[in-house]
>>> print(open('query_11.txt').read())   # compact mmCIF, C-alpha atoms
# COMPACT_ATOMS: atom_id res chain seq x y z
CA MET A 1 166.99 111.21 -61.07
CA THR A 2 169.16 111.31 -57.99
CA GLU A 3 172.82 112.05 -58.31
CA ILE A 4 175.23 109.30 -57.25
CA ALA A 5 177.49 110.42 -54.43
CA ALA A 6 181.22 109.97 -54.76
CA PRO A 7 182.94 107.52 -52.41
CA PRO A 8 184.78 108.85 -49.29
CA SER A 9 188.06 109.01 -51.21
CA GLY A 10 186.59 111.74 -53.40
CA ARG A 11 187.17 109.74 -56.55
CA PRO A 12 184.14 108.59 -58.58
CA ASP A 13 183.23 104.92 -58.29
CA ARG A 14 183.92 103.33 -61.68
CA ARG A 15 181.27 100.68 -60.95
CA ALA A 16 178.50 103.07 -59.95
CA ASP A 17 175.38 103.25 -62.11
CA ARG A 18 175.77 105.32 -65.25
CA PRO A 19 172.70 107.25 -66.50
CA LEU A 20 171.63 106.67 -70.10
CA PRO A 21 169.06 108.41 -72.33
CA GLY A 22 165.42 107.50 -71.96
CA GLY A 23 165.48 106.83 -68.23
CA ARG A 24 167.76 103.82 -68.59
CA ARG A 25 170.79 103.06 -66.42
CA ASP A 26 173.98 101.14 -67.03
CA THR A 27 174.67 99.00 -63.96
CA TRP A 28 177.68 96.85 -63.03
CA ARG A 29 176.66 93.19 -62.89
CA HIS A 30 179.46 90.63 -63.38
CA PRO A 31 183.06 90.95 -62.10
CA ALA A 32 185.90 89.62 -64.23
CA TRP A 33 186.22 86.28 -62.39
CA VAL A 34 182.53 85.50 -63.02
CA ARG A 35 182.84 86.26 -66.72
CA LEU A 36 186.07 84.29 -67.15
CA THR A 37 184.83 81.18 -65.33
CA HIS A 38 181.50 81.41 -67.17
CA TRP A 39 183.07 81.27 -70.63
CA LEU A 40 185.58 78.59 -69.65
CA ASN A 41 182.64 76.61 -68.32
CA VAL A 42 180.78 77.06 -71.62
CA VAL A 43 183.69 75.62 -73.60
CA ALA A 44 184.25 72.75 -71.15
CA VAL A 45 180.57 71.76 -70.98
CA VAL A 46 180.14 71.81 -74.77
CA VAL A 47 183.17 69.56 -75.28
CA LEU A 48 182.08 67.27 -72.43
CA ILE A 49 178.59 66.84 -73.87
CA MET A 50 179.78 66.21 -77.44
CA SER A 51 182.59 63.85 -76.44
CA GLY A 52 180.22 62.16 -73.97
CA LEU A 53 177.77 61.48 -76.78
CA ASN A 54 180.58 59.87 -78.76
CA ILE A 55 181.42 57.65 -75.79
CA LEU A 56 177.75 56.78 -75.32
CA MET A 57 177.40 55.79 -78.98
CA ALA A 58 179.92 52.98 -78.44
CA HIS A 59 177.06 51.26 -76.59
CA PRO A 60 173.88 53.40 -76.74
CA HIS A 61 171.97 51.47 -74.08
CA LEU A 62 171.52 52.18 -70.39
CA TYR A 63 170.92 49.75 -67.52
CA TRP A 64 170.50 49.62 -63.75
CA GLY A 65 172.72 47.52 -61.55
CA ILE A 66 176.09 45.89 -62.06
CA ARG A 67 175.76 44.18 -65.43
CA SER A 68 174.60 45.16 -68.91
CA THR A 69 172.12 42.49 -70.02
CA PHE A 70 172.00 43.70 -73.65
CA ALA A 71 168.62 42.04 -74.16
CA ASP A 72 166.78 44.17 -71.60
CA PRO A 73 168.13 47.74 -71.40
CA TRP A 74 166.40 50.42 -69.36
CA ILE A 75 166.57 52.72 -72.37
CA SER A 76 168.10 52.54 -75.85
CA LEU A 77 169.18 55.72 -77.59
CA PRO A 78 169.07 56.47 -81.32
CA PRO A 79 172.30 57.32 -83.16
CA PHE A 80 173.37 60.95 -83.06
CA PRO A 81 174.59 62.83 -86.17
CA ASN A 82 178.35 63.20 -86.53
CA TRP A 83 178.23 66.99 -86.16
CA LEU A 84 177.08 66.48 -82.55
CA LEU A 85 180.11 64.34 -81.72
CA ILE A 86 183.67 65.16 -80.69
CA PRO A 87 185.66 63.93 -82.50
CA GLN A 88 183.66 63.63 -85.70
CA GLY A 89 182.60 60.04 -86.29
CA ARG A 90 182.83 57.10 -83.89
CA ASN A 91 186.12 57.15 -82.02
CA LEU A 92 185.83 55.89 -78.45
CA ALA A 93 189.51 56.23 -77.49
CA GLU A 94 189.91 59.81 -78.73
CA ALA A 95 186.51 60.81 -77.31
CA ARG A 96 187.63 59.59 -73.89
CA ASN A 97 190.80 61.68 -74.13
CA TYR A 98 188.73 64.80 -74.85
CA HIS A 99 186.25 63.91 -72.12
CA PHE A 100 188.82 63.36 -69.39
CA LEU A 101 190.85 66.46 -70.30
CA PHE A 102 187.87 68.80 -70.28
CA ALA A 103 186.42 67.12 -67.19
CA TRP A 104 189.51 68.31 -65.30
CA ILE A 105 189.18 71.79 -66.82
CA PHE A 106 185.51 71.81 -65.78
CA VAL A 107 186.29 70.70 -62.20
CA LEU A 108 189.21 73.11 -61.65
CA ASN A 109 187.27 75.99 -63.16
CA GLY A 110 184.31 75.14 -60.94
CA LEU A 111 186.50 75.09 -57.84
CA VAL A 112 187.83 78.55 -58.71
CA TYR A 113 184.25 79.79 -59.17
CA LEU A 114 183.17 78.31 -55.83
CA LEU A 115 186.20 79.74 -54.02
CA PHE A 116 185.67 83.27 -55.33
CA GLY A 117 181.93 83.02 -54.76
CA LEU A 118 182.44 82.12 -51.11
CA VAL A 119 185.30 84.53 -50.44
CA THR A 120 183.48 87.50 -51.99
CA ARG A 121 180.15 86.34 -50.47
CA ARG A 122 178.56 86.66 -53.88
CA PHE A 123 176.70 83.38 -53.38
CA GLY A 124 175.01 84.68 -50.26
CA ARG A 125 174.10 87.99 -51.86
CA ARG A 126 173.07 86.76 -55.30
CA LEU A 127 172.01 83.12 -55.06
CA TRP A 128 170.80 82.22 -51.58
CA PRO A 129 167.00 82.76 -51.39
CA THR A 130 165.62 84.84 -48.54
CA GLY A 131 162.39 84.17 -46.66
CA ALA A 132 160.71 86.88 -48.73
CA ASP A 133 161.94 85.18 -51.91
CA LEU A 134 160.42 81.84 -50.88
CA LYS A 135 157.11 83.48 -49.96
CA GLY A 136 156.98 85.01 -53.44
CA ILE A 137 157.53 81.76 -55.29
CA GLY A 138 153.88 81.61 -56.40
CA PRO A 139 153.89 84.95 -58.25
CA SER A 140 157.31 84.07 -59.66
CA VAL A 141 155.94 80.85 -61.14
CA VAL A 142 153.09 82.82 -62.71
CA GLU A 143 155.52 85.34 -64.23
CA HIS A 144 157.60 82.55 -65.73
CA ALA A 145 154.55 80.72 -67.03
CA ARG A 146 153.44 83.91 -68.79
CA PHE A 147 156.97 84.56 -70.12
CA ARG A 148 156.94 88.08 -68.69
CA PHE A 149 160.17 89.13 -67.05
CA PRO A 150 161.09 92.52 -65.55
CA THR A 151 163.83 94.52 -67.22
CA ASP A 152 163.68 97.52 -64.86
CA ASP A 153 165.19 97.77 -61.35
CA HIS A 154 163.74 94.34 -60.51
CA ALA A 155 166.30 92.90 -62.96
CA ARG A 156 169.15 93.86 -60.64
CA THR A 157 168.65 90.65 -58.65
CA TYR A 158 167.78 87.04 -59.47
CA ASN A 159 164.24 85.89 -58.83
CA VAL A 160 163.52 82.96 -56.53
CA ILE A 161 163.16 80.41 -59.36
CA GLN A 162 166.52 81.42 -60.78
CA LYS A 163 168.15 81.17 -57.37
CA LEU A 164 166.71 77.71 -56.72
CA ALA A 165 167.62 76.52 -60.22
CA TYR A 166 171.22 77.73 -59.93
CA LEU A 167 171.60 76.26 -56.44
CA ALA A 168 170.18 72.92 -57.62
CA MET A 169 172.74 72.84 -60.42
CA VAL A 170 175.67 73.85 -58.20
CA LEU A 171 174.78 71.74 -55.15
CA ILE A 172 173.04 68.69 -56.65
CA VAL A 173 173.36 68.11 -60.40
CA LEU A 174 177.03 69.03 -60.91
CA PRO A 175 178.22 67.05 -57.85
CA MET A 176 176.13 64.13 -59.11
CA MET A 177 177.85 64.38 -62.48
CA LEU A 178 181.29 64.45 -60.83
CA ILE A 179 180.62 61.60 -58.39
CA THR A 180 179.11 59.27 -61.00
CA GLY A 181 181.96 60.03 -63.39
CA LEU A 182 184.57 59.27 -60.74
CA SER A 183 182.79 56.07 -59.74
CA MET A 184 183.18 54.75 -63.30
CA SER A 185 186.91 55.49 -63.43
CA PRO A 186 189.00 52.31 -63.01
CA GLY A 187 191.88 54.38 -61.61
CA PHE A 188 189.67 55.96 -58.98
CA ASN A 189 188.04 52.63 -58.16
CA ALA A 190 191.45 51.40 -57.06
CA VAL A 191 191.57 53.96 -54.24
CA GLY A 192 187.90 54.82 -53.73
CA GLY A 193 185.89 51.88 -54.99
CA VAL A 194 183.20 52.43 -52.38
CA LEU A 195 181.66 55.04 -54.67
CA LEU A 196 180.77 52.38 -57.23
CA GLU A 197 178.98 50.38 -54.54
CA LEU A 198 177.07 53.45 -53.41
CA MET A 199 175.96 54.05 -57.00
CA GLY A 200 174.56 50.52 -57.17
CA GLY A 201 177.06 49.27 -59.73
CA ARG A 202 178.83 50.52 -62.84
CA GLN A 203 175.73 50.43 -65.04
CA SER A 204 173.68 52.40 -62.51
CA ALA A 205 176.50 54.95 -62.28
CA ARG A 206 176.56 55.22 -66.07
CA THR A 207 172.80 55.77 -66.18
CA LEU A 208 172.90 58.38 -63.40
CA HIS A 209 175.75 60.12 -65.24
CA PHE A 210 173.57 60.28 -68.36
CA ILE A 211 170.61 61.63 -66.35
CA ALA A 212 172.80 64.35 -64.83
CA ALA A 213 174.04 65.26 -68.30
CA GLY A 214 170.45 65.45 -69.52
CA LEU A 215 169.53 67.81 -66.67
CA ILE A 216 172.50 70.02 -67.57
CA VAL A 217 171.44 70.11 -71.22
CA GLY A 218 167.88 70.99 -70.20
CA PHE A 219 169.17 73.80 -67.98
CA ILE A 220 171.33 75.14 -70.81
CA VAL A 221 168.43 75.12 -73.29
CA ILE A 222 166.17 77.04 -70.88
CA HIS A 223 168.97 79.40 -69.88
CA VAL A 224 169.91 80.28 -73.46
CA GLY A 225 166.25 80.63 -74.43
CA LEU A 226 165.62 83.13 -71.65
CA VAL A 227 168.82 85.01 -72.44
CA ILE A 228 167.47 85.52 -75.97
CA TRP A 229 163.93 86.29 -74.77
CA THR A 230 164.98 88.97 -72.28
CA GLY A 231 167.50 90.70 -74.55
CA LEU A 232 170.34 88.84 -76.22
CA PHE A 233 172.56 91.86 -76.81
CA ASN A 234 172.14 93.25 -73.29
CA ASN A 235 172.72 89.88 -71.60
CA MET A 236 175.74 89.04 -73.75
CA ARG A 237 177.19 92.49 -73.17
CA SER A 238 176.91 91.99 -69.41
CA MET A 239 178.75 88.67 -69.59
CA ILE A 240 181.50 90.16 -71.77
CA THR A 241 181.98 93.65 -70.31
CA GLY A 242 180.26 93.31 -66.93
CA TRP A 243 177.76 96.12 -67.66
CA PHE A 244 173.99 95.61 -67.95
CA VAL A 245 171.35 98.14 -69.02
CA ILE A 246 168.39 98.65 -66.68
CA GLN A 247 165.23 99.82 -68.46
CA PRO A 248 162.77 102.48 -67.14
CA PRO A 249 160.36 101.49 -64.33
CA GLY A 250 157.62 99.07 -65.38
CA SER A 251 159.54 97.66 -68.36
CA ILE A 252 158.92 93.99 -69.03
CA ALA A 253 160.30 91.48 -71.53
CA GLY A 254 157.28 89.54 -72.69
CA PRO A 255 154.34 89.38 -75.08
CA LYS A 256 152.71 92.46 -73.52
CA ARG A 257 153.79 95.44 -71.50
CA ARG A 258 152.08 96.85 -68.42
CA ARG A 259 152.61 99.89 -66.27
CA SER A 260 152.94 98.38 -62.82
CA PRO A 261 156.13 96.42 -62.06
CA PRO A 262 155.78 92.67 -61.45
CA THR A 263 155.84 91.18 -57.98
CA ASP A 264 158.71 88.89 -58.96
CA ALA A 265 162.22 90.35 -58.75
CA GLY A 266 164.96 89.21 -61.06
CA ASP A 267 166.37 88.96 -64.50
CA ALA A 268 166.12 85.87 -66.64
CA THR A 269 169.74 85.08 -67.19
>>> encode(input="query_11.txt", output="structure tokens")
Amino acid sequence: MTEIAAPPSGRPDRRADRPLPGGRRDTWRHPAWVRLTHWLNVVAVVVLIMSGLNILMAHPHLYWGIRSTFADPWISLPPFPNWLLIPQGRNLAEARNYHFLFAWIFVLNGLVYLLFGLVTRRFGRRLWPTGADLKGIGPSVVEHARFRFPTDDHARTYNVIQKLAYLAMVLIVLPMMLITGLSMSPGFNAVGGVLLELMGGRQSARTLHFIAAGLIVGFIVIHVGLVIWTGLFNNMRSMITGWFVIQPPGSIAGPKRRRSPPTDAGDAT
């Protein structure tokens, strides 16, 4: 194992890899601003989803266009249990208060995340796929389909599927959620009503808002599932303390283990 050189100042780098027993290494993964915005985002999204379900239950039918025909909805949704709703039980007015408050928390927190990500160039280093990443998308799909994910040095970076999924959420789904939500706001319509026309009407905007929410829920389910699959304690520790344990070469989280490292580079969180 090579020894880590000290920085030019002569003082040891507090974020340099730290050797652990068994050929493992403790590596610095998430700075404080990533961890803080992540957990604020978790709280905001949970409240938005649960309060949004309460709002949806006031009229659990979705349509396309300007009007709700009642007799011919695009889709009708079953009632959700009270424990999935904020507040508990049907309360449209209070649910809207929760929804609007945490929508602002979500937006402001997201802007802070975007600002730091651009200023520190973390997005370019961590999320933007390279040409080599895109050429390796086939093997990456195979690795995901087999539920075999590297936990050695390959886990230092995101794989191409993770990068594309995160970028799709940040650049497509979340803006879609924000734009459709704004287009339904009577206050915003007074100054920017063109959004409602672009959405194809209030009912279309409501349906697109629900679709965006569904995509976010699907992303969360897959994300949490892979966090558990690839090591719940290690992944949670990295998002709380910033430190992540790298396993010895060839280590894989999956139904079987093999000696040679996978062609796909990345962790599953």
>>> residues_around(input="query_11.txt", residues="region 21-37 of chain A", least_positions_apart="4", cutoff="6 Å", atoms="only C-alpha atoms", output="list in words")
Arg15, Asp17, Asn41, Met239, Gly242, Trp243, Phe244, Val245, Ile246, Gln247 and Pro248 of chain A
>>> closest_atom_pairs(input="query_11.txt", of="region 87-174 of chain A", to="region 59-83 of chain A", cutoff="9 Å", atoms="only C-alpha atoms", output="JSON lines")
{"residue": "A:Pro87", "atom": "CA", "partner": "A:Asn82", "partner_atom": "CA", "distance": 8.4}
{"residue": "A:Gln88", "atom": "CA", "partner": "A:Asn82", "partner_atom": "CA", "distance": 5.4}
{"residue": "A:Gly89", "atom": "CA", "partner": "A:Asn82", "partner_atom": "CA", "distance": 5.3}
{"residue": "A:Arg90", "atom": "CA", "partner": "A:Asn82", "partner_atom": "CA", "distance": 8.0}
>>> atom_distance(input="query_11.txt", atom1="CA of Val224 (chain A)", atom2="CA of Gly110 (chain A)")
19.8 Å
>>> closest_residue(input="query_11.txt", among="A:Val160, A:Ala168, A:Ala253, A:Ile211", to="Val227 (chain A)", atoms="all atoms listed in the file")
A:Ala253
>>> atom_distance(input="query_11.txt", atom1="CA of Phe149 (chain A)", atom2="CA of Leu232 (chain A)")
13.7 Å
>>> atom_distance(input="query_11.txt", atom1="CA of His223 (chain A)", atom2="CA of Ile252 (chain A)")
17.7 Å
>>> build_atoms(input="query_11.txt", residues="region 102-128 of chain A", atoms="N, CA, C and O atoms", output="short mmCIF file (atom, residue, chain, number, x, y, z; two decimals), keeping the file's coordinate frame")
data_model
loop_
_atom_site.label_atom_id
_atom_site.label_comp_id
_atom_site.auth_asym_id
_atom_site.auth_seq_id
_atom_site.Cartn_x
_atom_site.Cartn_y
_atom_site.Cartn_z
N PHE A 102 188.76 67.69 -70.56
CA PHE A 102 187.87 68.80 -70.28
C PHE A 102 187.08 68.59 -68.99
O PHE A 102 186.55 69.56 -68.43
N ALA A 103 187.01 67.35 -68.51
CA ALA A 103 186.42 67.12 -67.19
C ALA A 103 187.28 67.78 -66.12
O ALA A 103 186.76 68.40 -65.18
N TRP A 104 188.61 67.67 -66.25
CA TRP A 104 189.51 68.31 -65.30
C TRP A 104 189.42 69.83 -65.41
O TRP A 104 189.45 70.54 -64.40
N ILE A 105 189.33 70.35 -66.64
CA ILE A 105 189.18 71.79 -66.82
C ILE A 105 187.88 72.26 -66.16
O ILE A 105 187.84 73.28 -65.47
N PHE A 106 186.82 71.49 -66.35
CA PHE A 106 185.51 71.81 -65.78
C PHE A 106 185.58 71.82 -64.24
O PHE A 106 185.07 72.75 -63.59
N VAL A 107 186.21 70.81 -63.66
CA VAL A 107 186.29 70.70 -62.20
C VAL A 107 187.14 71.82 -61.62
O VAL A 107 186.73 72.49 -60.65
N LEU A 108 188.32 72.06 -62.18
CA LEU A 108 189.21 73.11 -61.65
C LEU A 108 188.57 74.48 -61.80
O LEU A 108 188.65 75.32 -60.89
N ASN A 109 187.94 74.72 -62.94
CA ASN A 109 187.27 75.99 -63.16
C ASN A 109 186.12 76.17 -62.16
O ASN A 109 185.91 77.25 -61.62
N GLY A 110 185.39 75.08 -61.90
CA GLY A 110 184.31 75.14 -60.94
C GLY A 110 184.79 75.42 -59.53
O GLY A 110 184.16 76.16 -58.77
N LEU A 111 185.94 74.84 -59.16
CA LEU A 111 186.50 75.09 -57.84
C LEU A 111 186.90 76.56 -57.68
O LEU A 111 186.71 77.16 -56.62
N VAL A 112 187.47 77.12 -58.75
CA VAL A 112 187.83 78.55 -58.71
C VAL A 112 186.57 79.40 -58.54
O VAL A 112 186.54 80.34 -57.73
N TYR A 113 185.52 79.05 -59.27
CA TYR A 113 184.25 79.79 -59.17
C TYR A 113 183.68 79.70 -57.76
O TYR A 113 183.25 80.70 -57.18
N LEU A 114 183.68 78.49 -57.19
CA LEU A 114 183.17 78.31 -55.83
C LEU A 114 184.00 79.09 -54.81
O LEU A 114 183.45 79.73 -53.90
N LEU A 115 185.32 79.04 -54.96
CA LEU A 115 186.20 79.74 -54.02
C LEU A 115 185.94 81.24 -54.04
O LEU A 115 185.75 81.86 -52.98
N PHE A 116 185.91 81.83 -55.23
CA PHE A 116 185.67 83.27 -55.33
C PHE A 116 184.26 83.62 -54.86
O PHE A 116 184.05 84.66 -54.22
N GLY A 117 183.29 82.75 -55.17
CA GLY A 117 181.93 83.02 -54.76
C GLY A 117 181.77 83.03 -53.25
O GLY A 117 181.00 83.83 -52.70
N LEU A 118 182.51 82.16 -52.56
CA LEU A 118 182.44 82.12 -51.11
C LEU A 118 183.24 83.25 -50.48
O LEU A 118 182.79 83.89 -49.52
N VAL A 119 184.44 83.49 -51.01
CA VAL A 119 185.30 84.53 -50.44
C VAL A 119 184.66 85.91 -50.59
O VAL A 119 184.69 86.74 -49.66
N THR A 120 184.10 86.20 -51.75
CA THR A 120 183.48 87.50 -51.99
C THR A 120 182.05 87.58 -51.47
O THR A 120 181.43 88.64 -51.55
N ARG A 121 181.53 86.44 -50.98
CA ARG A 121 180.15 86.34 -50.47
C ARG A 121 179.12 86.62 -51.54
O ARG A 121 177.98 87.00 -51.24
N ARG A 122 179.50 86.44 -52.78
CA ARG A 122 178.56 86.66 -53.88
C ARG A 122 177.43 85.63 -53.83
O ARG A 122 176.29 85.95 -54.17
N PHE A 123 177.74 84.41 -53.45
CA PHE A 123 176.70 83.38 -53.38
C PHE A 123 175.60 83.77 -52.41
O PHE A 123 174.41 83.60 -52.70
N GLY A 124 176.01 84.28 -51.24
CA GLY A 124 175.01 84.68 -50.26
C GLY A 124 174.17 85.85 -50.74
O GLY A 124 172.96 85.90 -50.50
N ARG A 125 174.82 86.80 -51.40
CA ARG A 125 174.10 87.99 -51.86
C ARG A 125 173.23 87.71 -53.07
O ARG A 125 172.11 88.23 -53.18
N ARG A 126 173.73 86.91 -54.01
CA ARG A 126 173.07 86.76 -55.30
C ARG A 126 172.23 85.49 -55.43
O ARG A 126 171.22 85.49 -56.14
N LEU A 127 172.64 84.40 -54.78
CA LEU A 127 172.01 83.12 -55.06
C LEU A 127 171.16 82.56 -53.92
O LEU A 127 170.21 81.83 -54.18
N TRP A 128 171.52 82.86 -52.68
CA TRP A 128 170.80 82.22 -51.58
C TRP A 128 169.44 82.89 -51.39
O TRP A 128 169.36 84.08 -51.14
#
